[in-house]
$ cat entry.cif   # mmCIF, C-alpha atoms and all ligand atoms
data_query
#
loop_
_atom_site.label_atom_id
_atom_site.label_comp_id
_atom_site.auth_asym_id
_atom_site.auth_seq_id
_atom_site.Cartn_x
_atom_site.Cartn_y
_atom_site.Cartn_z
CA MET Z 1 0.00 0.00 0.00
CA ARG Z 2 1.45 3.37 -1.04
CA PHE Z 3 0.60 6.74 0.43
CA PRO Z 4 -2.32 8.04 -1.72
CA SER Z 5 -0.94 10.15 -4.57
CA GLN Z 6 -4.43 11.36 -5.49
CA ARG Z 7 -7.58 12.27 -3.67
CA SER Z 8 -10.69 10.06 -3.55
CA SER Z 9 -14.23 11.34 -3.33
CA ALA Z 10 -16.20 11.10 -0.12
CA ASP Z 11 -18.76 8.91 -1.91
CA GLN Z 12 -16.09 6.50 -3.09
CA ILE Z 13 -14.60 6.31 0.38
CA LEU Z 14 -17.91 5.70 2.12
CA ALA Z 15 -18.80 3.02 -0.41
CA GLU Z 16 -15.44 1.36 0.19
CA ILE Z 17 -15.97 1.41 3.97
CA GLU Z 18 -19.39 -0.15 3.51
CA ARG Z 19 -17.95 -2.82 1.21
CA ALA Z 20 -15.10 -3.58 3.64
CA GLN Z 21 -17.52 -3.92 6.54
CA GLN Z 22 -19.55 -6.54 4.70
CA ALA Z 23 -16.85 -9.01 5.76
CA ASP Z 24 -17.37 -8.13 9.43
CA VAL Z 25 -19.54 -10.17 11.72
CA ASP Z 26 -23.24 -9.25 11.67
CA TRP Z 27 -23.32 -7.66 15.14
CA ARG Z 28 -26.66 -5.91 14.53
CA HIS Z 29 -28.28 -9.33 14.43
CA GLY Z 30 -26.60 -10.80 17.48
CA LYS Z 31 -24.12 -13.00 15.59
CA VAL Z 32 -21.19 -12.15 17.87
CA TRP Z 33 -21.14 -12.98 21.59
CA SER Z 34 -18.54 -10.46 22.73
CA TYR Z 35 -16.81 -7.29 21.44
CA VAL Z 36 -20.08 -5.48 20.62
CA TYR Z 37 -22.70 -4.48 23.20
CA PHE Z 38 -25.67 -3.46 21.13
CA ALA Z 39 -29.03 -2.49 22.58
CA ASP Z 40 -31.23 -1.23 19.75
CA GLY Z 41 -31.47 1.12 16.79
CA ASP Z 42 -32.96 4.06 18.73
CA LEU Z 43 -30.05 4.23 21.14
CA LEU Z 44 -27.58 3.75 18.28
CA ALA Z 45 -29.08 6.70 16.39
CA LEU Z 46 -28.68 8.91 19.47
CA LEU Z 47 -25.09 7.72 20.05
CA GLU Z 48 -24.17 8.52 16.46
CA ARG Z 49 -25.40 12.10 16.82
CA ALA Z 50 -24.01 12.60 20.32
CA TYR Z 51 -20.60 11.21 19.30
CA VAL Z 52 -20.45 13.45 16.24
CA ALA Z 53 -21.34 16.46 18.43
CA GLY Z 54 -18.11 15.86 20.36
CA LEU Z 55 -16.04 14.60 17.46
CA GLU Z 56 -13.52 17.45 17.24
CA LEU Z 57 -13.47 18.30 20.94
CA ASN Z 58 -10.56 17.40 23.19
CA GLY Z 59 -11.38 15.99 26.61
CA MET Z 60 -7.94 16.98 27.87
CA ALA Z 61 -8.66 20.71 27.76
CA ALA Z 62 -11.21 21.60 30.43
CA ALA Z 63 -10.63 25.34 29.98
CA ALA Z 64 -11.45 25.24 26.27
CA PHE Z 65 -14.26 22.67 26.52
CA PRO Z 66 -16.15 23.15 29.77
CA SER Z 67 -18.96 21.14 28.15
CA LEU Z 68 -16.78 18.04 28.27
CA SER Z 69 -15.46 18.57 31.78
CA ARG Z 70 -19.04 19.05 32.96
CA MET Z 71 -20.24 15.92 31.16
CA GLU Z 72 -17.30 13.87 32.38
CA HIS Z 73 -17.98 15.04 35.91
CA GLU Z 74 -21.64 14.15 35.57
CA VAL Z 75 -20.85 10.71 34.14
CA LEU Z 76 -18.55 10.13 37.12
CA GLY Z 77 -21.19 11.42 39.52
CA MET Z 78 -23.91 9.21 38.07
CA THR Z 79 -21.62 6.15 38.16
CA ALA Z 80 -20.45 6.92 41.69
CA ASP Z 81 -24.11 7.14 42.76
CA LEU Z 82 -24.92 3.82 41.08
CA LEU Z 83 -21.95 2.09 42.73
CA HIS Z 84 -22.43 3.81 46.11
CA ALA Z 85 -19.08 5.57 46.10
CA PRO Z 86 -18.90 7.95 49.08
CA ASN Z 87 -16.97 10.49 46.96
CA VAL Z 88 -16.77 11.33 43.27
CA ALA Z 89 -13.06 10.58 42.90
CA GLY Z 90 -11.88 9.10 39.62
CA SER Z 91 -11.79 9.51 35.85
CA MET Z 92 -13.42 8.57 32.63
CA THR Z 93 -10.95 6.51 30.61
CA SER Z 94 -10.66 4.97 27.15
CA GLY Z 95 -11.74 1.53 28.36
CA GLY Z 96 -11.41 -1.17 30.97
CA SER Z 97 -7.71 -1.68 30.35
CA GLU Z 98 -6.94 1.97 31.04
CA SER Z 99 -9.19 2.00 34.12
CA ILE Z 100 -7.31 -1.02 35.46
CA PHE Z 101 -3.94 0.43 34.49
CA LEU Z 102 -4.72 3.58 36.47
CA ALA Z 103 -5.94 1.63 39.50
CA VAL Z 104 -2.69 -0.36 39.49
CA LYS Z 105 -0.65 2.84 39.04
CA SER Z 106 -2.47 4.50 41.95
CA ALA Z 107 -1.88 1.44 44.12
CA ARG Z 108 1.82 1.48 43.30
CA GLU Z 109 2.19 5.19 44.15
CA TRP Z 110 0.11 4.74 47.31
CA ALA Z 111 2.40 1.92 48.43
CA ARG Z 112 5.53 3.94 47.65
CA GLU Z 113 4.22 6.62 49.98
CA THR Z 114 2.68 4.54 52.75
CA LYS Z 115 4.77 1.35 52.64
CA PRO Z 116 8.26 2.54 51.71
CA HIS Z 117 9.81 -0.77 52.80
CA ILE Z 118 8.24 -2.44 49.73
CA HIS Z 119 10.62 -2.51 46.78
CA HIS Z 120 8.92 -5.26 44.75
CA PRO Z 121 5.17 -4.64 45.00
CA GLU Z 122 2.74 -7.47 44.32
CA ILE Z 123 -0.97 -7.56 43.48
CA ILE Z 124 -2.92 -10.78 44.01
CA VAL Z 125 -5.61 -11.60 41.44
CA PRO Z 126 -7.71 -14.70 40.78
CA TYR Z 127 -6.71 -16.77 37.72
CA SER Z 128 -9.92 -15.55 36.03
CA ALA Z 129 -8.97 -11.85 36.28
CA HIS Z 130 -8.57 -9.92 33.03
CA PRO Z 131 -5.08 -9.78 31.43
CA ALA Z 132 -5.20 -5.97 31.76
CA PHE Z 133 -3.81 -6.47 35.30
CA ASN Z 134 -0.75 -8.23 33.91
CA LYS Z 135 -0.40 -5.65 31.17
CA ALA Z 136 -0.43 -2.88 33.76
CA GLY Z 137 1.94 -4.86 35.98
CA SER Z 138 4.39 -5.30 33.13
CA TYR Z 139 4.37 -1.58 32.28
CA LEU Z 140 4.55 -0.49 35.92
CA ASP Z 141 6.90 -3.17 37.26
CA VAL Z 142 4.33 -4.57 39.68
CA ARG Z 143 4.27 -8.35 40.07
CA ILE Z 144 0.83 -9.87 39.45
CA VAL Z 145 0.29 -13.08 41.42
CA ARG Z 146 -2.43 -15.24 39.82
CA VAL Z 147 -4.11 -17.67 42.19
CA PRO Z 148 -6.10 -20.71 40.96
CA VAL Z 149 -9.87 -20.41 41.30
CA GLU Z 150 -12.24 -22.93 42.87
CA GLU Z 151 -13.95 -25.66 40.82
CA SER Z 152 -16.94 -23.30 40.73
CA GLN Z 153 -14.69 -20.75 38.92
CA ARG Z 154 -14.99 -18.38 41.90
CA ALA Z 155 -11.91 -16.78 43.43
CA ASP Z 156 -10.52 -18.96 46.24
CA VAL Z 157 -10.49 -16.70 49.33
CA ARG Z 158 -8.32 -18.97 51.42
CA ALA Z 159 -5.74 -19.52 48.66
CA ILE Z 160 -5.58 -15.78 48.04
CA SER Z 161 -5.19 -14.96 51.73
CA GLU Z 162 -2.33 -17.45 51.93
CA ARG Z 163 -0.46 -15.59 49.20
CA VAL Z 164 -0.50 -12.27 51.06
CA ASN Z 165 3.05 -11.36 52.05
CA ARG Z 166 5.02 -8.26 53.02
CA ASN Z 167 5.20 -7.12 49.38
CA THR Z 168 1.47 -7.31 48.73
CA ILE Z 169 -0.17 -3.94 48.04
CA MET Z 170 -3.61 -4.86 46.61
CA ILE Z 171 -6.04 -7.73 46.05
CA VAL Z 172 -8.49 -7.92 43.14
CA GLY Z 173 -11.88 -9.54 42.59
CA SER Z 174 -14.12 -9.51 39.50
CA ALA Z 175 -17.85 -8.78 39.44
CA PRO Z 176 -18.28 -10.77 37.32
CA SER Z 177 -15.20 -12.31 35.67
CA TYR Z 178 -14.91 -12.12 31.90
CA PRO Z 179 -14.25 -15.82 31.15
CA CYS Z 180 -17.13 -17.53 33.01
CA GLY Z 181 -19.21 -14.62 34.30
CA ILE Z 182 -18.73 -15.58 37.94
CA ILE Z 183 -19.00 -12.96 40.69
CA ASP Z 184 -16.07 -13.41 43.06
CA PRO Z 185 -16.73 -13.34 46.84
CA ILE Z 186 -16.10 -9.60 47.01
CA ALA Z 187 -17.00 -9.05 50.68
CA GLU Z 188 -14.74 -11.89 51.87
CA LEU Z 189 -11.82 -10.83 49.67
CA ALA Z 190 -12.20 -7.18 50.68
CA GLY Z 191 -12.19 -8.34 54.30
CA VAL Z 192 -8.88 -10.14 53.77
CA ALA Z 193 -7.44 -7.01 52.16
CA ALA Z 194 -8.68 -4.64 54.85
CA GLY Z 195 -7.45 -6.97 57.60
CA ALA Z 196 -3.96 -6.87 56.11
CA GLY Z 197 -3.96 -3.09 55.46
CA LEU Z 198 -4.13 -3.54 51.68
CA LEU Z 199 -6.10 -1.95 48.87
CA PHE Z 200 -8.90 -3.88 47.17
CA HIS Z 201 -10.02 -3.34 43.57
CA VAL Z 202 -13.33 -4.62 42.19
CA ASP Z 203 -13.12 -5.16 38.43
CA ALA Z 204 -16.73 -4.44 37.52
CA CYS Z 205 -15.86 -3.68 33.90
CA LEU Z 206 -18.64 -6.07 32.91
CA GLY Z 207 -20.94 -5.85 35.90
CA GLY Z 208 -20.85 -2.17 36.82
CA PHE Z 209 -23.86 -1.35 34.68
CA VAL Z 210 -25.58 -4.73 35.09
CA LEU Z 211 -25.47 -5.86 38.72
CA PRO Z 212 -27.30 -2.82 40.23
CA PHE Z 213 -30.19 -3.31 37.79
CA ALA Z 214 -30.18 -7.11 38.04
CA ARG Z 215 -30.62 -6.67 41.78
CA THR Z 216 -33.70 -4.47 41.40
CA LEU Z 217 -35.07 -7.13 39.03
CA GLY Z 218 -34.85 -9.72 41.79
CA THR Z 219 -31.57 -11.46 40.91
CA ASN Z 220 -29.62 -12.48 43.99
CA VAL Z 221 -26.59 -10.18 43.67
CA PRO Z 222 -24.16 -10.29 46.59
CA PRO Z 223 -22.68 -6.97 47.77
CA PHE Z 224 -20.00 -6.01 45.25
CA ASP Z 225 -19.55 -2.23 45.29
CA PHE Z 226 -18.38 0.57 47.59
CA LEU Z 227 -20.99 -0.47 50.18
CA VAL Z 228 -18.56 -3.29 50.97
CA PRO Z 229 -16.06 -2.00 53.54
CA GLY Z 230 -12.55 -2.49 52.23
CA VAL Z 231 -13.36 -1.86 48.56
CA THR Z 232 -10.99 0.97 47.65
CA SER Z 233 -11.36 1.22 43.87
CA MET Z 234 -13.59 -0.03 41.04
CA SER Z 235 -13.55 -0.17 37.24
CA ALA Z 236 -16.79 -0.16 35.22
CA ASP Z 237 -17.00 -0.08 31.43
CA LEU Z 238 -19.50 2.28 29.86
CA HIS Z 239 -18.73 0.84 26.43
CA LYS Z 240 -19.87 -2.62 27.50
CA TYR Z 241 -23.16 -2.85 29.41
CA GLY Z 242 -23.35 0.94 29.64
CA TYR Z 243 -24.27 0.42 25.96
CA THR Z 244 -22.42 3.54 24.84
CA ALA Z 245 -19.88 4.08 22.04
CA LYS Z 246 -16.40 2.57 22.28
CA GLY Z 247 -13.76 4.44 24.24
CA ALA Z 248 -15.55 4.92 27.55
CA SER Z 249 -14.98 3.43 31.00
CA VAL Z 250 -14.78 4.70 34.55
CA VAL Z 251 -12.30 4.20 37.36
CA LEU Z 252 -13.48 5.28 40.80
CA TYR Z 253 -11.78 5.46 44.20
CA ARG Z 254 -13.21 5.49 47.69
CA ASP Z 255 -11.49 8.80 48.39
CA ASN Z 256 -9.51 11.62 46.85
CA ASP Z 257 -6.40 10.68 48.75
CA LEU Z 258 -6.11 7.49 46.71
CA PHE Z 259 -7.18 9.18 43.47
CA ARG Z 260 -4.45 11.81 43.70
CA HIS Z 261 -1.89 9.00 43.19
CA GLN Z 262 -3.33 8.52 39.72
CA LEU Z 263 -2.22 11.98 38.52
CA PHE Z 264 0.86 12.48 36.40
CA GLU Z 265 2.52 15.80 37.07
CA PHE Z 266 5.41 17.31 35.16
CA GLU Z 267 6.79 20.76 34.47
CA ASP Z 268 10.32 20.56 33.06
CA TRP Z 269 9.50 21.58 29.48
CA ASN Z 270 8.53 24.67 27.50
CA CYS Z 271 4.92 24.88 28.61
CA GLY Z 272 5.40 24.37 32.36
CA ARG Z 273 2.98 22.44 34.51
CA TYR Z 274 1.38 19.47 32.74
CA VAL Z 275 -1.01 17.49 34.91
CA VAL Z 276 -3.12 14.67 33.49
CA PRO Z 277 -5.02 11.91 35.26
CA ASN Z 278 -5.14 9.64 32.18
CA VAL Z 279 -2.69 7.49 30.24
CA THR Z 280 -3.70 9.37 27.11
CA GLY Z 281 -3.10 13.04 26.40
CA THR Z 282 -5.65 14.16 23.82
CA ARG Z 283 -8.98 12.50 24.59
CA PRO Z 284 -11.85 11.98 22.14
CA GLY Z 285 -14.69 14.31 23.10
CA GLY Z 286 -17.19 12.09 21.30
CA ALA Z 287 -16.64 9.24 23.74
CA ILE Z 288 -17.59 11.57 26.57
CA THR Z 289 -20.63 13.17 24.91
CA ALA Z 290 -21.93 9.76 23.80
CA ALA Z 291 -21.52 8.21 27.26
CA TRP Z 292 -23.28 11.15 28.89
CA ALA Z 293 -26.06 10.88 26.31
CA ALA Z 294 -26.54 7.13 26.88
CA LEU Z 295 -26.83 7.52 30.65
CA GLN Z 296 -29.35 10.38 30.32
CA TYR Z 297 -31.37 8.71 27.57
CA LEU Z 298 -31.70 5.33 29.25
CA GLY Z 299 -31.73 6.29 32.90
CA GLU Z 300 -32.70 3.70 35.46
CA PRO Z 301 -35.79 2.43 33.56
CA GLY Z 302 -33.79 2.01 30.34
CA TYR Z 303 -30.95 0.09 31.96
CA ARG Z 304 -33.40 -2.01 33.95
CA ASN Z 305 -35.21 -2.90 30.74
CA LEU Z 306 -32.00 -3.72 28.84
CA THR Z 307 -30.76 -5.79 31.78
CA ALA Z 308 -34.07 -7.64 31.96
CA ARG Z 309 -33.84 -8.47 28.25
CA SER Z 310 -30.27 -9.75 28.50
CA LEU Z 311 -31.01 -11.73 31.69
CA ASP Z 312 -34.04 -13.31 30.07
CA ALA Z 313 -32.02 -14.21 26.97
CA THR Z 314 -29.33 -15.69 29.24
CA ARG Z 315 -31.87 -17.75 31.17
CA ARG Z 316 -33.23 -19.22 27.93
CA LEU Z 317 -29.71 -19.89 26.63
CA LEU Z 318 -28.63 -21.61 29.85
CA GLN Z 319 -31.78 -23.73 29.88
CA GLY Z 320 -31.27 -24.68 26.22
CA ILE Z 321 -27.59 -25.49 26.62
CA ARG Z 322 -28.17 -27.53 29.80
CA GLY Z 323 -30.70 -29.52 27.76
CA ILE Z 324 -28.16 -30.52 25.09
CA ALA Z 325 -26.58 -33.87 25.95
CA GLY Z 326 -22.84 -33.58 26.63
CA LEU Z 327 -22.76 -29.81 27.22
CA ARG Z 328 -22.29 -28.28 30.64
CA VAL Z 329 -22.26 -24.72 31.93
CA LEU Z 330 -19.21 -23.78 34.00
CA GLY Z 331 -19.98 -22.82 37.59
CA ASP Z 332 -23.21 -21.04 38.43
CA PRO Z 333 -23.27 -17.78 36.45
CA GLN Z 334 -25.60 -15.29 38.16
CA VAL Z 335 -26.03 -12.68 35.44
CA ASN Z 336 -25.54 -12.41 31.67
CA VAL Z 337 -22.05 -13.77 31.00
CA PHE Z 338 -21.25 -17.48 31.01
CA ALA Z 339 -19.17 -20.24 29.45
CA PHE Z 340 -20.05 -23.81 28.52
CA GLY Z 341 -17.90 -26.83 27.82
CA SER Z 342 -18.50 -30.34 26.60
CA GLU Z 343 -17.57 -33.74 27.96
CA VAL Z 344 -17.98 -35.29 24.53
CA VAL Z 345 -17.23 -32.93 21.67
CA PRO Z 346 -14.01 -30.85 21.58
CA VAL Z 347 -15.16 -27.25 21.98
CA GLN Z 348 -13.08 -25.99 19.07
CA ASN Z 349 -15.11 -28.28 16.79
CA ILE Z 350 -18.26 -26.66 18.13
CA ALA Z 351 -16.67 -23.23 17.56
CA ALA Z 352 -15.85 -24.19 13.96
CA GLY Z 353 -19.35 -25.52 13.27
CA MET Z 354 -20.96 -22.41 14.75
CA LEU Z 355 -18.59 -20.17 12.79
CA ASP Z 356 -19.72 -21.89 9.58
CA ARG Z 357 -23.22 -20.73 10.52
CA GLY Z 358 -22.03 -17.17 11.13
CA TRP Z 359 -21.82 -17.23 14.95
CA ILE Z 360 -18.66 -15.97 16.65
CA LEU Z 361 -18.15 -17.11 20.24
CA THR Z 362 -15.02 -16.59 22.32
CA GLY Z 363 -13.00 -19.68 23.18
CA LEU Z 364 -11.52 -20.40 26.60
CA LEU Z 365 -8.55 -22.78 26.66
CA ASN Z 366 -8.69 -23.54 30.37
CA PRO Z 367 -11.10 -25.08 31.08
CA PRO Z 368 -11.89 -25.72 27.39
CA SER Z 369 -15.17 -23.93 26.77
CA LEU Z 370 -16.97 -21.26 24.79
CA HIS Z 371 -17.98 -17.95 26.28
CA LEU Z 372 -20.95 -15.65 25.71
CA THR Z 373 -21.54 -12.07 26.87
CA VAL Z 374 -25.26 -11.79 26.34
CA THR Z 375 -26.67 -8.36 25.46
CA ALA Z 376 -30.22 -7.04 25.18
CA SER Z 377 -30.22 -7.43 21.39
CA HIS Z 378 -29.44 -11.15 21.70
CA ASP Z 379 -32.96 -11.74 22.97
CA ALA Z 380 -34.12 -12.01 19.36
CA VAL Z 381 -31.65 -14.74 18.34
CA VAL Z 382 -31.72 -17.21 21.24
CA GLU Z 383 -33.88 -19.86 19.54
CA GLY Z 384 -31.93 -19.70 16.26
CA PHE Z 385 -28.65 -19.95 18.14
CA LEU Z 386 -29.81 -22.94 20.19
CA SER Z 387 -31.14 -24.84 17.20
CA ASP Z 388 -27.86 -24.30 15.32
CA LEU Z 389 -25.93 -25.36 18.44
CA ARG Z 390 -27.98 -28.57 18.76
CA GLU Z 391 -27.26 -29.47 15.15
CA VAL Z 392 -23.57 -28.54 15.33
CA VAL Z 393 -23.02 -30.60 18.51
CA LYS Z 394 -24.83 -33.58 16.99
CA ALA Z 395 -22.82 -33.42 13.75
CA ALA Z 396 -19.46 -32.46 15.29
CA ASP Z 397 -16.36 -34.56 14.77
CA LEU Z 398 -15.29 -36.23 18.03
CA GLU Z 399 -11.65 -35.96 16.99
CA ALA Z 400 -10.24 -32.56 18.00
CA THR Z 401 -9.44 -30.26 15.08
CA ALA Z 402 -7.60 -26.93 15.20
CA TRP Z 403 -9.35 -23.82 16.48
CA PRO Z 404 -10.78 -21.86 13.56
CA ASP Z 405 -8.53 -18.98 12.44
CA ALA Z 406 -11.02 -16.39 13.68
CA TYR Z 407 -10.07 -17.43 17.24
CA GLY Z 408 -6.40 -16.58 16.94
CA TYR Z 409 -5.30 -19.71 18.85
CA SER Z 410 -2.60 -21.97 17.51
C1 LIG Y 501 -13.47 -6.03 28.95
C2 LIG Y 501 -12.89 -6.22 30.30
C3 LIG Y 501 -11.70 -5.60 30.67
C4 LIG Y 501 -10.88 -4.78 29.70
O1 LIG Y 501 -11.61 -3.74 29.13
P1 LIG Y 501 -11.28 -3.12 27.69
O2 LIG Y 501 -12.38 -2.14 27.52
O3 LIG Y 501 -11.31 -4.25 26.69
O4 LIG Y 501 -9.94 -2.48 27.76
C5 LIG Y 501 -11.27 -5.78 31.97
N1 LIG Y 501 -11.96 -6.54 32.84
C6 LIG Y 501 -13.11 -7.17 32.51
C7 LIG Y 501 -13.83 -7.99 33.54
C8 LIG Y 501 -13.60 -7.03 31.22
O5 LIG Y 501 -14.74 -7.64 30.88
#
$ encode --input "entry.cif" --output "structure tokens" --more "lines below"
Ligand SMILES: *Cc1c(COP(=O)(O)O)cnc(C)c1O
Amino acid sequence: MRFPSQRSSADQILAEIERAQQADVDWRHGKVWSYVYFADGDLLALLERAYVAGLELNGMAAAAFPSLSRMEHEVLGMTADLLHAPNVAGSMTSGGSESIFLAVKSAREWARETKPHIHHPEIIVPYSAHPAFNKAGSYLDVRIVRVPVEESQRADVRAISERVNRNTIMIVGSAPSYPCGIIDPIAELAGVAAGAGLLFHVDACLGGFVLPFARTLGTNVPPFDFLVPGVTSMSADLHKYGYTAKGASVVLYRDNDLFRHQLFEFEDWNCGRYVVPNVTGTRPGGAITAAWAALQYLGEPGYRNLTARSLDATRRLLQGIRGIAGLRVLGDPQVNVFAFGSEVVPVQNIAAGMLDRGWILTGLLNPPSLHLTVTASHDAVVEGFLSDLREVVKAADLEATAWPDAYGYS
């Protein structure tokens, strides 16, 4: 590919984008079970307009764009209210990975100040925790200790407490975990952390905008947010079950004293003092305007309704899958994320058969299984998915084949 020597027309370009996207998975019709969190066309139309309204604005420059600093502050306030944070201390970020990165960074700086004897800080996470913790640990030189989970796929409180040592600075639990959708025993883990004078982070990237509404719908949701004593920070992704445009997540802290460790301050250059709370410098204004718009547009009734639809779709999926001989659901998923394996058919053969029918699931290697993050828009495809799954399982080769290329495993 050479740098374009001539211009192309806008029409040509838009047609080419449309043509290129025909190869993408049909996310509008629920064909993909992760990556895209789609509610409905009405919300999408609003997000498109709200994102475009902020398209050229820079979220880094509060003085020039008070609209964005106000909206960011309101998004943080609304999320803090939802998750019972006693203070509005935190940031909007580009996504779950950045929220986690910043929580790890804050923990490291906090430990440097309050536990100066620690030279090799460690954070203990369950095996099911998102790789973003290891990514942050590798950038920030913090050791991430992964501890095996229970058979139920829940974090093992005793095993985690046994790994606490004089270098430990923080413990992590997920609500729920990405692989199997299991809510870790947050209160117990936070108790271990508090008892040892450590920080505790709840990764509610998936559950932050699901669990509060699932609870009002009658699902048995254990305490998982700032109401739990000992929870010191949380991450919650707006661009997942907040159903907003990509590039939006929140990291929150129990108090400003912990949040201040997140800031990067510098002044030894031409322009003097440069203080940013984020990893990024320039920040897309559209991600902020769209997130603010989604929260206002949906409000509690909207999120309750979307959560009800995704929980109902999940219930029907779980019932259908449990009724297919040889398949089994891992653990006891309480909300709308789960994984299933098979005692009979290698799961990659199921993945390949489903891919042939246009469905993209995520594969887990350990334990071998396929994972679904169920959104509101999936409620329309449950029966079609289950009937394809029944046929694929029945016809599948019992000899393990390679994972299909779309899965990126070799
Ligand atoms: C998605 C996810 C992350 C990472 O978020 P990104 O937005 O992909 O950076 C972290 N933790 C959990 C539980 C997640 O589901």
$ residues_near_ligand --input "entry.cif" --ligand "ligand LIG 501 (chain Y)" --cutoff "6 Å" --atoms "all atoms listed in the file" --output "list of chain:residue names"
Z:Gly95, Z:Gly96, Z:Ser97, Z:His130, Z:Ser177, Z:Tyr178, Z:Asp203, Z:Cys205, Z:Leu206
$ write_last_selection --input "entry.cif" --atoms "C-alpha atoms" --output "CSV table (one decimal), keeping the file's coordinate frame"
chain,number,residue,atom,x,y,z
Z,95,GLY,CA,-11.7,1.5,28.4
Z,96,GLY,CA,-11.4,-1.2,31.0
Z,97,SER,CA,-7.7,-1.7,30.4
Z,130,HIS,CA,-8.6,-9.9,33.0
Z,177,SER,CA,-15.2,-12.3,35.7
Z,178,TYR,CA,-14.9,-12.1,31.9
Z,203,ASP,CA,-13.1,-5.2,38.4
Z,205,CYS,CA,-15.9,-3.7,33.9
Z,206,LEU,CA,-18.6,-6.1,32.9
$ closest_atom_pairs --input "entry.cif" --of "region 143-262 of chain Z" --to "region 331-353 of chain Z" --cutoff "7 Å" --atoms "all atoms listed in the file" --output "Markdown table"
| residue | atom | partner | partner_atom | distance |
| --- | --- | --- | --- | --- |
| Z:Ser152 | CA | Z:Gly331 | CA | 4.4 |
| Z:Gln153 | CA | Z:Gly331 | CA | 5.8 |
| Z:Pro179 | CA | Z:Ala339 | CA | 6.8 |
| Z:Cys180 | CA | Z:Phe338 | CA | 4.6 |
| Z:Gly181 | CA | Z:Val337 | CA | 4.4 |
| Z:Ile182 | CA | Z:Pro333 | CA | 5.3 |
$ write_last_selection --input "entry.cif" --atoms "C-alpha atoms" --output "PDB file, in the coordinates of the input"
ATOM      1  CA  SER Z 152     -16.940 -23.300  40.730  1.00  0.00           C
ATOM      2  CA  GLN Z 153     -14.690 -20.750  38.920  1.00  0.00           C
ATOM      3  CA  PRO Z 179     -14.250 -15.820  31.150  1.00  0.00           C
ATOM      4  CA  CYS Z 180     -17.130 -17.530  33.010  1.00  0.00           C
ATOM      5  CA  GLY Z 181     -19.210 -14.620  34.300  1.00  0.00           C
ATOM      6  CA  ILE Z 182     -18.730 -15.580  37.940  1.00  0.00           C
TER       7      ILE Z 182
END
$ closest_residue --input "entry.cif" --among "Z:Arg260, Z:Leu386, Z:Val228, Z:Val392" --to "Asp356 (chain Z)" --atoms "all atoms listed in the file"
Z:Val392
$ residues_around --input "entry.cif" --residues "Val231 (chain Z)" --least-positions-apart "3" --cutoff "10 Å" --atoms "only C-alpha atoms" --output "ChimeraX atom specification"
/Z:85,171-173,186-187,189-191,193-194,198-202,224-228,234,253-254
$ atom_distance --input "entry.cif" --atom1 "CA of Glu265 (chain Z)" --atom2 "CA of Gly77 (chain Z)"
24.2 Å
$ closest_residue --input "entry.cif" --among "Z:Leu55, Z:Ala245, Z:Ala103, Z:Val250" --to "Gly208 (chain Z)" --atoms "only C-alpha atoms"
Z:Val250
$ closest_residue --input "entry.cif" --among "Z:Lys31, Z:Arg316, Z:Arg390, Z:Arg328" --to "Pro367 (chain Z)" --atoms "all atoms listed in the file"
Z:Arg328
$ atom_distance --input "entry.cif" --atom1 "CA of Pro148 (chain Z)" --atom2 "CA of Pro126 (chain Z)"
6.2 Å
$ atom_distance --input "entry.cif" --atom1 "CA of Leu258 (chain Z)" --atom2 "CA of Trp110 (chain Z)"
6.8 Å
$ closest_residue --input "entry.cif" --among "Z:Ile118, Z:Ile100, Z:Arg283, Z:Phe209" --to "Asn134 (chain Z)" --atoms "only C-alpha atoms"
Z:Ile100
